[in-house]
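Chemist: There's a structure below that I have some questions on.
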Amino acid sequence: MVLLDTARQGQRQQNKASPSCSSDRGSHLLSFSQRALLALALVFLIYTFAWNQSYAQGQVQVYSEPNAQPASEAAETCDVRRAEYGSEICAQWASIVTARENTQATWWGIGVNTIGMALLIATLFANMYSAFLARKATLATISSERPHVRMFTTMKTKDEKGNVVATHGVTFRNYGRTPARVKRLSICYKLADIPPDPESCSVIRSYPDDSVITHEELWPYKGCVPQLDGPSVESLVEEHKINGKRLFVYGKINYVDAFGEERFTRFCREFDGRNFSYNLTDVNDQQSLNYAT
């Protein structure tokens, strides 16, 4: 008991001298390969223990006769056992030896298959992680290289003093690195109390395959996109100045990027007296109004 108490006191002093956080920190420093080797070592130990148990059970002598006695340690061969217990005991001994050898071979096969399966699983996880990184890099490349078409500015005419005398329409711009091929454009100008839904614009124009918006260039190249149906933009601006009703431009532009995928940009801007802008709260905060894929 004195020795036990002394050992416990020594263990407490050792625990105080080495804080537990150091062991936790060391465990976190193990790399993936070290953890994999530890797992394989654990599998090997479990297999070795199971094999030893199987081998010990194989040493048990099984006899069908009630008065049969086990053979002496020197009786290792079937001939000796036949001489001591008869031919039936010899057959039983041969059966036991064969079963033990089969069990050993089976456990060896299980061990080899277990190690092979562990290596296969590790390889599969490594391949999956590599595929994940490759996909992530590809998506990042597409996101950085693909076109980003947005409504850019308002085309207007100014006098010699810089005053706006006419507002004709809006233009678009490609902020991406690759060109965008325009497919369709729906655009409407409307006097309304609240911002209209871009999807509600039914005035749609299709464009030929050569309508391409290159990097950092305005589109259309020769002007702007005016009102396609109904009163002109100038007349709507004048009415806006007279009755104070809010004036919006809204719609959606569809285009194909350099990777062959069709994308779109919804827009809704309000006229602020000089430009169509989305700085107002009810237009800017509603993401469904100004949304792009």
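Following the order of the structure tokens, first chain is A, next is B, and so on, with residues numbered from 1 inside each chain and ligands from 1 in the order they appear.
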As a VMD selection string, which residues of region 225-289 of chain A does DSSP assign to helix (DSSP H, G or I)?

Modeler: chain A and resid 233 to 243 281 to 284

Chemist: I need the residues from that last selection saved to file as an mmCIF file, in the first residue's frame (with N, CA, C and O atoms), if you can.

Modeler:
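And here's again.cif as it stands now:
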data_model
loop_
_atom_site.group_PDB
_atom_site.id
_atom_site.type_symbol
_atom_site.label_atom_id
_atom_site.label_comp_id
_atom_site.auth_asym_id
_atom_site.auth_seq_id
_atom_site.Cartn_x
_atom_site.Cartn_y
_atom_site.Cartn_z
ATOM 1 N N VAL A 233 -38.959 58.501 -74.850
ATOM 2 C CA VAL A 233 -38.385 58.768 -73.536
ATOM 3 C C VAL A 233 -38.478 60.260 -73.221
ATOM 4 O O VAL A 233 -38.762 60.649 -72.075
ATOM 5 N N GLU A 234 -38.265 61.120 -74.238
ATOM 6 C CA GLU A 234 -38.323 62.565 -74.020
ATOM 7 C C GLU A 234 -39.705 63.002 -73.529
ATOM 8 O O GLU A 234 -39.824 63.816 -72.607
ATOM 9 N N SER A 235 -40.762 62.455 -74.135
ATOM 10 C CA SER A 235 -42.111 62.832 -73.710
ATOM 11 C C SER A 235 -42.415 62.351 -72.295
ATOM 12 O O SER A 235 -43.082 63.040 -71.512
ATOM 13 N N LEU A 236 -41.901 61.169 -71.936
ATOM 14 C CA LEU A 236 -42.096 60.663 -70.576
ATOM 15 C C LEU A 236 -41.332 61.511 -69.551
ATOM 16 O O LEU A 236 -41.830 61.750 -68.437
ATOM 17 N N VAL A 237 -40.144 61.989 -69.940
ATOM 18 C CA VAL A 237 -39.381 62.848 -69.044
ATOM 19 C C VAL A 237 -40.113 64.166 -68.813
ATOM 20 O O VAL A 237 -40.189 64.671 -67.684
ATOM 21 N N GLU A 238 -40.670 64.732 -69.867
ATOM 22 C CA GLU A 238 -41.422 65.980 -69.719
ATOM 23 C C GLU A 238 -42.637 65.781 -68.827
ATOM 24 O O GLU A 238 -42.956 66.620 -67.974
ATOM 25 N N GLU A 239 -43.347 64.684 -68.999
ATOM 26 C CA GLU A 239 -44.500 64.409 -68.150
ATOM 27 C C GLU A 239 -44.080 64.206 -66.698
ATOM 28 O O GLU A 239 -44.782 64.615 -65.769
ATOM 29 N N HIS A 240 -42.917 63.588 -66.501
ATOM 30 C CA HIS A 240 -42.375 63.398 -65.158
ATOM 31 C C HIS A 240 -42.090 64.741 -64.492
ATOM 32 O O HIS A 240 -42.368 64.932 -63.294
ATOM 33 N N LYS A 241 -41.573 65.683 -65.265
ATOM 34 C CA LYS A 241 -41.264 67.000 -64.703
ATOM 35 C C LYS A 241 -42.540 67.773 -64.377
ATOM 36 O O LYS A 241 -42.556 68.575 -63.441
ATOM 37 N N ILE A 242 -43.597 67.544 -65.115
ATOM 38 C CA ILE A 242 -44.840 68.302 -64.915
ATOM 39 C C ILE A 242 -45.629 67.785 -63.709
ATOM 40 O O ILE A 242 -45.993 68.549 -62.807
ATOM 41 N N ASN A 243 -45.895 66.480 -63.685
ATOM 42 C CA ASN A 243 -46.757 65.941 -62.617
ATOM 43 C C ASN A 243 -45.980 65.290 -61.473
ATOM 44 O O ASN A 243 -46.579 64.876 -60.469
ATOM 45 N N THR A 281 -33.819 53.832 -52.327
ATOM 46 C CA THR A 281 -33.897 52.683 -51.420
ATOM 47 C C THR A 281 -34.799 51.586 -51.962
ATOM 48 O O THR A 281 -34.440 50.407 -51.976
ATOM 49 N N ASP A 282 -35.990 51.940 -52.432
ATOM 50 C CA ASP A 282 -36.951 50.915 -52.838
ATOM 51 C C ASP A 282 -36.526 50.187 -54.106
ATOM 52 O O ASP A 282 -37.036 49.131 -54.426
ATOM 53 N N VAL A 283 -35.590 50.750 -54.869
ATOM 54 C CA VAL A 283 -35.075 50.079 -56.064
ATOM 55 C C VAL A 283 -33.808 49.305 -55.740
ATOM 56 O O VAL A 283 -33.602 48.192 -56.202
ATOM 57 N N ASN A 284 -32.948 49.887 -54.927
ATOM 58 C CA ASN A 284 -31.653 49.283 -54.651
ATOM 59 C C ASN A 284 -31.763 48.097 -53.698
ATOM 60 O O ASN A 284 -31.031 47.122 -53.828
#

Chemist: Where does DSSP see strand (DSSP E) in region 75-250 of chain A, if you list the residues as JSON, numbers by chain?

Modeler: {"A": [149, 150, 151, 152, 153, 154, 155, 156, 157, 158, 164, 165, 166, 167, 168, 169, 170, 171, 172, 173, 174, 180, 181, 182, 183, 184, 185, 186, 187, 188, 189, 190, 191, 192, 204, 205, 206, 212, 213, 218, 219, 246, 247, 248, 249, 250]}

Chemist: Return the single residue from A:Lys156, A:His148, A:Lys245, A:Arg173 that is closest to Leu191 (chain A), with distances computed using only C-alpha atoms.

Modeler: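 Distance minimum relative to Leu191 (chain A) lands on A:Lys245.
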
Chemist: Quick one: everything within 8 Å of Thr153 (chain A), counting only C-alpha atoms, minus sequence neighbours fewer than 2 positions away in the same chain. Send it as a VMD selection string.

Modeler: chain A and resid 151 155 170 to 172 275 to 276

Chemist: Do you know which residues are at most 12 Å from Asn174 (chain A) counting only C-alpha atoms, after dropping those on the same chain fewer than 2 positions away, and could you put them as an MDAnalysis selection string?

Modeler: chainID A and resid 145:152 171:172 176:182 212:220 253 255 257 265
